[in-house]
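Chemist: Enclosed is the structure file model.cif (mmCIF, C-alpha atoms).
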data_entry
#
loop_
_atom_site.label_atom_id
_atom_site.label_comp_id
_atom_site.auth_asym_id
_atom_site.auth_seq_id
_atom_site.Cartn_x
_atom_site.Cartn_y
_atom_site.Cartn_z
CA MET Z 16 10.33 -55.39 20.90
CA SER Z 17 11.71 -58.12 23.01
CA ALA Z 18 14.24 -60.60 21.78
CA THR Z 19 11.62 -63.08 21.03
CA GLU Z 20 9.03 -60.96 19.23
CA PRO Z 21 8.59 -61.12 15.46
CA GLN Z 22 10.08 -58.02 13.91
CA GLY Z 23 7.22 -55.71 13.11
CA GLN Z 24 4.02 -56.19 11.19
CA GLU Z 25 3.78 -58.03 7.90
CA PRO Z 26 5.46 -55.98 5.20
CA ASP Z 27 4.34 -55.15 1.74
CA LEU Z 28 6.88 -56.58 -0.69
CA SER Z 29 6.19 -53.73 -3.07
CA ASP Z 30 8.02 -51.48 -0.61
CA ALA Z 31 11.09 -53.64 -1.03
CA ASP Z 32 10.79 -53.34 -4.80
CA ASP Z 33 10.63 -49.57 -4.49
CA LEU Z 34 13.82 -49.61 -2.46
CA GLY Z 35 15.40 -51.77 -5.08
CA GLY Z 36 14.98 -49.08 -7.69
CA ARG Z 37 11.49 -49.38 -9.10
CA ARG Z 38 9.84 -46.05 -9.76
CA SER Z 39 6.70 -45.34 -7.81
CA ASP Z 40 3.84 -43.10 -8.75
CA PRO Z 41 3.97 -39.59 -7.16
CA ASP Z 42 0.38 -39.99 -6.01
CA ASP Z 43 1.35 -43.26 -4.30
CA ARG Z 44 4.21 -41.50 -2.54
CA GLY Z 45 1.85 -38.78 -1.37
CA GLY Z 46 -0.58 -41.37 -0.08
CA GLN Z 47 2.21 -43.17 1.74
CA ARG Z 48 3.28 -39.92 3.41
CA SER Z 49 -0.31 -39.25 4.49
CA ARG Z 50 -0.63 -42.74 5.92
CA GLY Z 51 2.72 -42.25 7.66
CA TRP Z 52 1.53 -39.06 9.35
CA PHE Z 53 -1.73 -40.76 10.36
CA HIS Z 54 0.12 -43.73 11.81
CA ARG Z 55 2.47 -41.49 13.81
CA SER Z 56 -0.46 -39.43 15.09
CA VAL Z 57 -2.32 -42.54 16.24
CA THR Z 58 0.85 -43.81 17.89
CA ALA Z 59 1.39 -40.53 19.73
CA VAL Z 60 -2.22 -40.43 20.96
CA PHE Z 61 -2.02 -44.04 22.11
CA LEU Z 62 1.21 -43.45 24.02
CA VAL Z 63 -0.27 -40.39 25.75
CA VAL Z 64 -3.39 -42.33 26.73
CA THR Z 65 -1.31 -45.26 27.96
CA LEU Z 66 0.97 -43.05 30.03
CA GLY Z 67 -2.11 -41.35 31.45
CA ALA Z 68 -3.62 -44.71 32.40
CA ILE Z 69 -0.39 -45.77 34.10
CA ALA Z 70 -0.19 -42.45 35.95
CA ILE Z 71 -3.78 -42.86 37.20
CA MET Z 72 -3.00 -46.41 38.34
CA LEU Z 73 0.10 -45.26 40.23
CA ARG Z 74 -1.48 -42.12 41.65
CA GLY Z 75 -2.20 -42.27 45.36
CA GLN Z 76 -0.02 -45.32 45.93
CA ASP Z 77 2.23 -45.55 48.96
CA TRP Z 78 5.62 -44.95 47.38
CA SER Z 79 7.39 -45.24 50.72
CA VAL Z 80 7.19 -48.99 50.29
CA LEU Z 81 9.60 -48.66 47.37
CA GLY Z 82 12.28 -47.06 49.54
CA THR Z 83 11.68 -49.60 52.27
CA THR Z 84 12.08 -52.45 49.80
CA LEU Z 85 15.35 -51.10 48.45
CA ARG Z 86 16.76 -50.46 51.93
CA SER Z 87 15.90 -53.98 53.04
CA GLN Z 88 17.81 -55.60 50.17
CA ARG Z 89 21.42 -56.67 50.52
CA PRO Z 90 23.93 -54.15 49.14
CA GLY Z 91 24.62 -54.72 45.48
CA LEU Z 92 21.62 -57.03 44.96
CA LEU Z 93 19.89 -54.66 42.55
CA ALA Z 94 23.02 -54.26 40.42
CA LEU Z 95 23.56 -58.03 40.41
CA MET Z 96 19.99 -58.76 39.35
CA VAL Z 97 20.06 -56.13 36.61
CA GLY Z 98 23.27 -57.68 35.30
CA LEU Z 99 21.71 -61.15 35.33
CA ALA Z 100 18.62 -59.75 33.59
CA LEU Z 101 20.80 -58.31 30.82
CA LEU Z 102 22.50 -61.68 30.34
CA ALA Z 103 19.17 -63.53 30.36
CA ASN Z 104 17.71 -61.30 27.67
CA ALA Z 105 20.90 -61.61 25.63
CA ALA Z 106 20.44 -65.39 25.80
CA ALA Z 107 16.83 -64.94 24.67
CA LEU Z 108 17.99 -62.88 21.70
CA LEU Z 109 20.59 -65.47 20.68
CA ALA Z 110 17.98 -68.23 20.90
CA ALA Z 111 15.66 -66.17 18.69
CA MET Z 112 18.52 -65.71 16.23
CA LEU Z 113 19.06 -69.49 16.11
CA ALA Z 114 15.35 -69.96 15.41
CA TRP Z 115 15.53 -67.43 12.55
CA ARG Z 116 18.68 -69.07 11.15
CA SER Z 117 17.01 -72.48 11.15
CA MET Z 118 13.89 -71.16 9.45
CA LEU Z 119 15.80 -69.22 6.80
CA SER Z 120 17.95 -72.26 6.00
CA GLY Z 121 14.75 -74.27 5.76
CA VAL Z 122 13.18 -72.05 3.09
CA SER Z 123 16.33 -71.25 1.11
CA ASP Z 124 19.43 -73.35 0.47
CA GLY Z 125 22.89 -71.87 0.56
CA VAL Z 126 22.41 -69.37 3.40
CA THR Z 127 25.22 -69.64 5.93
CA ALA Z 128 24.91 -69.10 9.66
CA VAL Z 129 26.92 -65.89 9.29
CA GLY Z 130 24.55 -64.55 6.65
CA ALA Z 131 21.42 -65.39 8.63
CA ALA Z 132 22.91 -63.84 11.76
CA ARG Z 133 23.74 -60.67 9.86
CA ILE Z 134 20.14 -60.28 8.68
CA PHE Z 135 18.82 -60.89 12.19
CA PHE Z 136 21.16 -58.52 14.02
CA VAL Z 137 20.72 -55.72 11.48
CA GLY Z 138 16.99 -56.11 12.04
CA GLN Z 139 17.45 -55.47 15.75
CA PHE Z 140 18.74 -51.98 14.93
CA ALA Z 141 16.37 -51.33 12.04
CA LYS Z 142 13.25 -51.99 14.13
CA TYR Z 143 13.92 -48.81 16.12
CA VAL Z 144 13.70 -46.70 12.96
CA PRO Z 145 10.20 -45.21 12.50
CA GLY Z 146 8.18 -47.08 9.92
CA LYS Z 147 6.78 -50.57 10.19
CA VAL Z 148 8.50 -52.04 7.11
CA PHE Z 149 11.96 -50.47 7.21
CA GLY Z 150 13.58 -53.43 8.96
CA PHE Z 151 12.07 -55.90 6.53
CA ILE Z 152 13.15 -53.85 3.52
CA VAL Z 153 16.72 -53.84 4.81
CA SER Z 154 16.51 -57.60 5.32
CA ILE Z 155 15.23 -58.02 1.73
CA ARG Z 156 18.20 -56.07 0.40
CA ILE Z 157 20.67 -58.15 2.41
CA GLY Z 158 18.88 -61.34 1.43
CA LYS Z 159 19.18 -60.45 -2.26
CA THR Z 160 22.97 -60.26 -1.91
CA MET Z 161 22.81 -63.84 -0.68
CA GLY Z 162 20.61 -64.97 -3.54
CA VAL Z 163 17.46 -65.29 -1.39
CA PRO Z 164 14.32 -64.11 -3.27
CA ALA Z 165 12.05 -61.65 -1.51
CA THR Z 166 9.23 -64.19 -1.49
CA ARG Z 167 11.40 -66.69 0.37
CA MET Z 168 12.34 -64.03 2.91
CA ALA Z 169 8.63 -63.30 3.39
CA SER Z 170 7.94 -67.01 3.86
CA ALA Z 171 10.62 -67.28 6.54
CA TRP Z 172 9.20 -64.19 8.25
CA LEU Z 173 5.61 -65.46 8.20
CA LEU Z 174 6.46 -68.95 9.47
CA THR Z 175 8.65 -67.52 12.22
CA LEU Z 176 5.81 -65.19 13.20
CA VAL Z 177 3.33 -68.06 13.50
CA ILE Z 178 5.71 -70.14 15.62
CA GLY Z 179 6.62 -67.13 17.75
CA LEU Z 180 2.98 -66.34 18.51
CA LEU Z 181 2.16 -69.99 19.21
CA THR Z 182 5.06 -70.57 21.59
CA GLY Z 183 4.66 -67.16 23.23
CA ALA Z 184 0.98 -67.71 23.93
CA THR Z 185 1.76 -71.22 25.20
CA VAL Z 186 4.41 -69.99 27.65
CA GLY Z 187 1.98 -67.22 28.64
CA LEU Z 188 -0.35 -69.86 30.10
CA ALA Z 189 2.11 -70.10 32.98
CA VAL Z 190 0.33 -67.11 34.56
CA GLY Z 191 -2.77 -69.25 35.02
CA PRO Z 192 -1.86 -70.84 38.36
CA GLU Z 193 -1.13 -67.47 39.97
CA VAL Z 194 -4.11 -65.63 38.50
CA LEU Z 195 -6.82 -68.29 38.38
CA GLY Z 196 -5.42 -71.25 40.34
CA GLY Z 197 -5.46 -74.88 39.24
CA SER Z 198 -1.83 -75.39 38.25
CA VAL Z 199 -2.24 -78.86 36.71
CA ILE Z 200 -4.84 -77.85 34.15
CA TRP Z 201 -2.81 -74.85 32.99
CA PHE Z 202 0.32 -76.91 32.45
CA ALA Z 203 -1.74 -79.45 30.53
CA LEU Z 204 -3.17 -76.71 28.31
CA ALA Z 205 0.31 -75.33 27.71
CA ALA Z 206 1.63 -78.74 26.68
CA VAL Z 207 -1.11 -79.55 24.16
CA PRO Z 208 -0.23 -77.10 21.32
CA ILE Z 209 3.48 -77.78 21.63
CA VAL Z 210 3.07 -81.56 21.59
CA VAL Z 211 0.69 -81.34 18.62
CA THR Z 212 3.13 -79.11 16.74
CA LEU Z 213 6.07 -81.41 17.41
CA VAL Z 214 4.07 -84.44 16.26
CA ARG Z 215 2.47 -82.69 13.25
CA PRO Z 216 4.88 -79.88 12.29
CA GLN Z 217 3.14 -79.41 8.93
CA LEU Z 218 0.30 -77.73 10.84
CA ILE Z 219 2.54 -74.67 11.14
CA SER Z 220 2.66 -74.30 7.37
CA GLN Z 221 -1.12 -74.67 7.20
CA ALA Z 222 -1.55 -72.05 9.91
CA ALA Z 223 0.76 -69.72 7.99
CA VAL Z 224 -1.43 -70.11 4.91
CA VAL Z 225 -4.50 -69.19 6.96
CA VAL Z 226 -2.76 -66.14 8.42
CA ALA Z 227 -1.63 -65.05 4.96
CA ARG Z 228 -5.18 -65.33 3.61
CA LEU Z 229 -6.60 -63.35 6.52
CA ARG Z 230 -4.05 -60.62 5.85
CA ARG Z 231 -4.61 -60.87 2.07
CA ARG Z 232 -1.01 -61.80 1.44
CA PRO Z 233 0.53 -64.56 -0.68
CA PRO Z 234 0.94 -67.82 1.25
CA PRO Z 235 4.45 -69.15 1.90
CA GLU Z 236 5.82 -70.65 -1.28
CA ALA Z 237 8.40 -72.83 0.46
CA THR Z 238 7.70 -76.15 2.17
CA VAL Z 239 9.78 -76.36 5.33
CA PRO Z 240 10.89 -79.81 6.53
CA GLY Z 241 9.35 -81.04 9.77
CA ARG Z 242 12.72 -81.25 11.52
CA VAL Z 243 13.25 -77.53 10.88
CA ILE Z 244 9.84 -76.65 12.32
CA ARG Z 245 10.58 -78.73 15.43
CA ARG Z 246 13.95 -77.06 15.88
CA VAL Z 247 12.44 -73.59 15.57
CA VAL Z 248 9.66 -74.44 18.05
CA VAL Z 249 12.18 -75.62 20.66
CA THR Z 250 14.52 -72.65 20.24
CA GLN Z 251 11.61 -70.20 20.37
CA LEU Z 252 10.43 -71.79 23.62
CA VAL Z 253 13.92 -71.36 25.05
CA SER Z 254 13.90 -67.74 23.93
CA TRP Z 255 10.56 -67.00 25.62
CA LEU Z 256 11.66 -68.71 28.83
CA ALA Z 257 14.92 -66.74 28.94
CA GLY Z 258 13.00 -63.50 28.38
CA GLY Z 259 10.73 -64.36 31.30
CA VAL Z 260 13.73 -65.10 33.52
CA GLN Z 261 14.96 -61.59 32.73
CA LEU Z 262 11.77 -60.17 34.23
CA TRP Z 263 11.99 -62.57 37.17
CA PHE Z 264 15.46 -61.32 38.11
CA LEU Z 265 14.20 -57.74 38.18
CA ALA Z 266 11.13 -58.67 40.21
CA ILE Z 267 13.31 -60.39 42.81
CA ALA Z 268 15.46 -57.29 43.05
CA MET Z 269 12.35 -55.28 43.92
CA GLY Z 270 11.16 -57.66 46.63
CA ALA Z 271 9.02 -60.26 44.82
CA PRO Z 272 9.08 -63.76 46.36
CA PRO Z 273 11.44 -65.85 44.19
CA ALA Z 274 9.43 -69.09 44.22
CA GLY Z 275 6.02 -67.46 44.06
CA SER Z 276 6.84 -65.12 41.19
CA PHE Z 277 8.77 -67.32 38.76
CA LEU Z 278 5.90 -68.76 36.72
CA LEU Z 279 4.06 -65.44 36.81
CA CYS Z 280 7.05 -63.54 35.43
CA VAL Z 281 7.78 -66.09 32.71
CA GLY Z 282 4.16 -66.21 31.61
CA VAL Z 283 3.28 -62.53 31.75
CA PHE Z 284 6.41 -61.48 29.85
CA SER Z 285 5.40 -63.74 26.97
CA LEU Z 286 1.80 -62.54 27.06
CA GLY Z 287 2.88 -58.91 27.10
CA ALA Z 288 5.24 -59.43 24.19
CA VAL Z 289 2.62 -61.28 22.11
CA ALA Z 290 0.06 -58.55 22.84
CA GLY Z 291 2.62 -55.98 21.72
CA VAL Z 292 2.87 -57.69 18.33
CA PHE Z 293 -0.84 -57.11 17.74
CA ALA Z 294 -0.59 -53.47 18.87
CA VAL Z 295 0.17 -52.18 15.37
CA PHE Z 296 -0.30 -48.57 16.45
CA THR Z 297 2.63 -48.49 18.87
CA PRO Z 298 6.32 -49.20 18.18
CA ASP Z 299 7.60 -52.46 19.62
CA GLY Z 300 4.50 -52.83 21.79
CA LEU Z 301 5.52 -49.80 23.83
CA GLY Z 302 3.00 -49.20 26.61
CA VAL Z 303 0.97 -52.34 25.94
CA ARG Z 304 3.53 -54.67 27.46
CA GLU Z 305 4.11 -52.35 30.41
CA VAL Z 306 0.41 -52.20 31.31
CA ILE Z 307 0.14 -56.00 31.22
CA LEU Z 308 3.30 -56.44 33.30
CA LEU Z 309 2.14 -53.87 35.83
CA GLY Z 310 -1.23 -55.53 36.30
CA ALA Z 311 0.20 -59.03 36.74
CA LEU Z 312 3.17 -58.10 38.91
CA SER Z 313 0.90 -56.22 41.31
CA LEU Z 314 -0.35 -59.67 42.41
CA VAL Z 315 3.00 -60.47 44.05
CA MET Z 316 4.42 -57.04 44.93
CA PRO Z 317 3.28 -53.48 45.68
CA ILE Z 318 2.07 -51.53 42.65
CA PRO Z 319 4.85 -48.88 42.83
CA ALA Z 320 7.49 -51.62 42.82
CA ALA Z 321 5.66 -53.41 39.99
CA GLY Z 322 5.70 -50.19 37.95
CA VAL Z 323 9.44 -49.81 38.44
CA VAL Z 324 10.02 -53.43 37.36
CA ALA Z 325 7.90 -52.99 34.22
CA LEU Z 326 9.80 -49.87 33.16
CA LEU Z 327 13.19 -51.32 34.13
CA SER Z 328 12.42 -54.42 32.07
CA ARG Z 329 11.82 -52.29 28.98
CA LEU Z 330 15.17 -50.55 29.52
CA VAL Z 331 17.00 -53.84 30.07
CA VAL Z 332 15.49 -55.33 26.91
CA VAL Z 333 16.46 -52.35 24.75
CA VAL Z 334 20.02 -52.12 26.10
CA SER Z 335 20.53 -55.88 25.89
CA GLU Z 336 19.21 -56.07 22.34
CA LEU Z 337 21.36 -53.22 21.05
CA VAL Z 338 24.55 -54.37 22.80
CA THR Z 339 24.10 -58.02 21.81
CA ALA Z 340 23.22 -57.11 18.22
CA GLY Z 341 26.23 -54.78 18.04
CA ILE Z 342 28.59 -57.47 19.30
CA GLY Z 343 26.95 -59.98 16.98
CA LEU Z 344 27.53 -57.77 13.94
CA LEU Z 345 31.17 -57.29 14.94
CA VAL Z 346 31.60 -61.06 15.17
CA VAL Z 347 29.88 -61.51 11.80
CA GLU Z 348 32.20 -58.96 10.21
CA PHE Z 349 35.24 -60.65 11.78
CA LEU Z 350 34.18 -64.05 10.43
CA ARG Z 351 33.40 -62.60 7.03
CA ARG Z 352 36.85 -61.07 6.73
CA ARG Z 353 38.57 -64.10 8.20
CA HIS Z 354 37.07 -66.56 5.75
CA ALA Z 355 37.15 -64.29 2.68
CA ARG Z 356 39.98 -65.12 0.31
CA PRO Z 357 42.17 -62.21 -0.84
CA GLY Z 358 40.65 -60.67 -3.95
CA ASP Z 359 37.47 -62.73 -3.62
CA SER Z 360 34.49 -60.51 -4.42
CA SER Z 361 32.22 -62.87 -2.49
CA ALA Z 362 33.39 -61.13 0.66
CA THR Z 363 30.58 -58.68 0.16
CA HIS Z 364 28.06 -61.53 -0.02
CA VAL Z 365 28.45 -62.79 3.51
CA GLY Z 366 25.46 -65.10 3.34
CA ARG Z 367 26.46 -67.23 0.36
CA GLN Z 368 27.57 -70.76 1.07
CA SER Z 369 31.13 -70.76 2.28
CA PRO Z 370 33.65 -73.57 1.86
CA VAL Z 371 34.31 -73.30 5.59
CA PRO Z 372 31.93 -75.86 7.15
CA VAL Z 373 31.97 -74.38 10.62
CA VAL Z 374 29.77 -71.46 9.58
CA SER Z 375 27.23 -73.42 7.58
CA ALA Z 376 23.64 -73.25 8.75
CA PRO Z 377 22.20 -76.61 9.82
CA ARG Z 378 19.96 -78.35 7.33
#
Could you write out this file's structure as structure tokens?
Modeler:
Amino acid sequence: MSATEPQGQEPDLSDADDLGGRRSDPDDRGGQRSRGWFHRSVTAVFLVVTLGAIAIMLRGQDWSVLGTTLRSQRPGLLALMVGLALLANAAALLAAMLAWRSMLSGVSDGVTAVGAARIFFVGQFAKYVPGKVFGFIVSIRIGKTMGVPATRMASAWLLTLVIGLLTGATVGLAVGPEVLGGSVIWFALAAVPIVVTLVRPQLISQAAVVVARLRRRPPPEATVPGRVIRRVVVTQLVSWLAGGVQLWFLAIAMGAPPAGSFLLCVGVFSLGAVAGVFAVFTPDGLGVREVILLGALSLVMPIPAAGVVALLSRLVVVVSELVTAGIGLLVVEFLRRRHARPGDSSATHVGRQSPVPVVSAPR
């Protein structure tokens, strides 16, 4: 998943209860194992089909253009652009973390910035573990140490998902001018849902209720203040834009025109990431995003170069997420130890409200 994508599919809170110690029926465990094998089988088949489709698309292409492109670039340009792409995606991840912190503080009082950051960064590692609910279960367990009920955690997750999909799809409209022409109309379409959300933030809560009903899940039980919704919308937009800039840097390194590819890269990265969220049969949208990126980037650069950019973007996102999350957890641990009083057992509950105001989440 990219920095800006919601973490996995909607979890079943009963899984969190099982982790917390509730006994489960042996038949249920057997059924879960069977569903797990089925899910992994479908995922494997999908990945094979996707790789086959990409191979067919790249077969017969003139790969000499790739070498020509690299030789024509200034020495060190590729390394510079990869470094900038890593920094851009790290910025996207931090913006997504701020959005999560704001939402969690909106649904539950007493959660510090350090606690919210810990949940978020642990989730960046947990999402790479097979199983669609593992990351959420870990978050539930951490949230419980902070006094956040599982239902409130689910509410924060669902509302963040709705805002993430809305803002991602909105930013994705930036591909319109390059693909279909008519730049003014596309920018107008992109502005409408954001303006409406900022004016009527309560619509997000209503949309979350609809999504919950469609998925046969309980609706969010917390009412989030409008100012929190607005803050999350803005930070999510920043996150999507930074993620698109990451792709843009890589495209430039492979010969794409800087001015002509900016909006395309920003828009298609968001569209690919949103599409990956709906691809429940593949981990972190693997393959889905790459196919979308390849198709769009081929409009501004040769297909072989577009394929390299799509794959390099996946690598940059993974490395950036893991490194940033690792550094973030180290900082969280440092702050936890620094502000914990000697002999204070609350040191283990890093998310509870601290007397140190600098680490308090904004209200």
Chemist: Write out as a list in words each polymer residue whose atoms come within 12 Å of Z:Arg242, counting only C-alpha atoms; drop sequence neighbours fewer than 6 positions from it.
Modeler: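 Those residues are Ser117, Met118, Ser120, Gly121, Thr212, Leu213, Val214, Arg215, Pro216, Gln217, Val248, Val249, Pro377 and Arg378 of chain Z.
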Chemist: Selection from above, C-alpha atoms, as an mmCIF file, keeping the file's coordinate frame, can you write it?
Modeler:
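Contents of the output file again-v2.cif:
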data_model
loop_
_atom_site.group_PDB
_atom_site.id
_atom_site.type_symbol
_atom_site.label_atom_id
_atom_site.label_comp_id
_atom_site.auth_asym_id
_atom_site.auth_seq_id
_atom_site.Cartn_x
_atom_site.Cartn_y
_atom_site.Cartn_z
ATOM 1 C CA SER Z 117 17.010 -72.480 11.150
ATOM 2 C CA MET Z 118 13.890 -71.160 9.450
ATOM 3 C CA SER Z 120 17.950 -72.260 6.000
ATOM 4 C CA GLY Z 121 14.750 -74.270 5.760
ATOM 5 C CA THR Z 212 3.130 -79.110 16.740
ATOM 6 C CA LEU Z 213 6.070 -81.410 17.410
ATOM 7 C CA VAL Z 214 4.070 -84.440 16.260
ATOM 8 C CA ARG Z 215 2.470 -82.690 13.250
ATOM 9 C CA PRO Z 216 4.880 -79.880 12.290
ATOM 10 C CA GLN Z 217 3.140 -79.410 8.930
ATOM 11 C CA VAL Z 248 9.660 -74.440 18.050
ATOM 12 C CA VAL Z 249 12.180 -75.620 20.660
ATOM 13 C CA PRO Z 377 22.200 -76.610 9.820
ATOM 14 C CA ARG Z 378 19.960 -78.350 7.330
#
Chemist: Rounded to one decimal place, report the atom CA of Z:Leu308-atom CA of Z:Phe284 distance in Å.
Modeler: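 Distance reported for this atom pair: 6.9 Å.
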Chemist: Figure out the distance between atom CA of Z:Leu109 and atom CA of Z:Gln139, please, to one decimal in Å.
Modeler: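 That distance, rounded to one decimal, is 11.6 Å.
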Chemist: Excluding Z:Leu314 and its own-chain neighbours fewer than 6 positions away, which residues fall within 12 Å of it when counting only C-alpha atoms? Please give them as a ChimeraX atom specification.
Modeler: /Z:190,192-195,266,271-272,275-276,279-280,283,307-308,320-321
Chemist: Quick one, how far is atom CA of Z:Val324 from atom CA of Z:Leu262?
Modeler: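 Atom CA of Z:Val324 sits 7.6 Å away from atom CA of Z:Leu262.
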Chemist: Taking only C-alpha atoms into account, which of Z:Gly258, Z:Pro319, Z:Gly179, Z:Gly287 comes nearest Z:Ala103?
Modeler: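 Result for the nearest residue to Z:Ala103: Z:Gly258.
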Chemist: Residues within 9 Å of Z:Leu174, please, as a list of chain:residue names. Count all atoms listed in the file; anything in the same chain fewer than 4 positions from it doesn't count.
Modeler: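 These residues fall inside the cut-off: Z:Met118, Z:Ala169, Z:Ser170, Z:Ile178, Z:Gly179, Z:Ile219, Z:Ser220, Z:Ala222, Z:Ala223, Z:Pro235, Z:Ile244.
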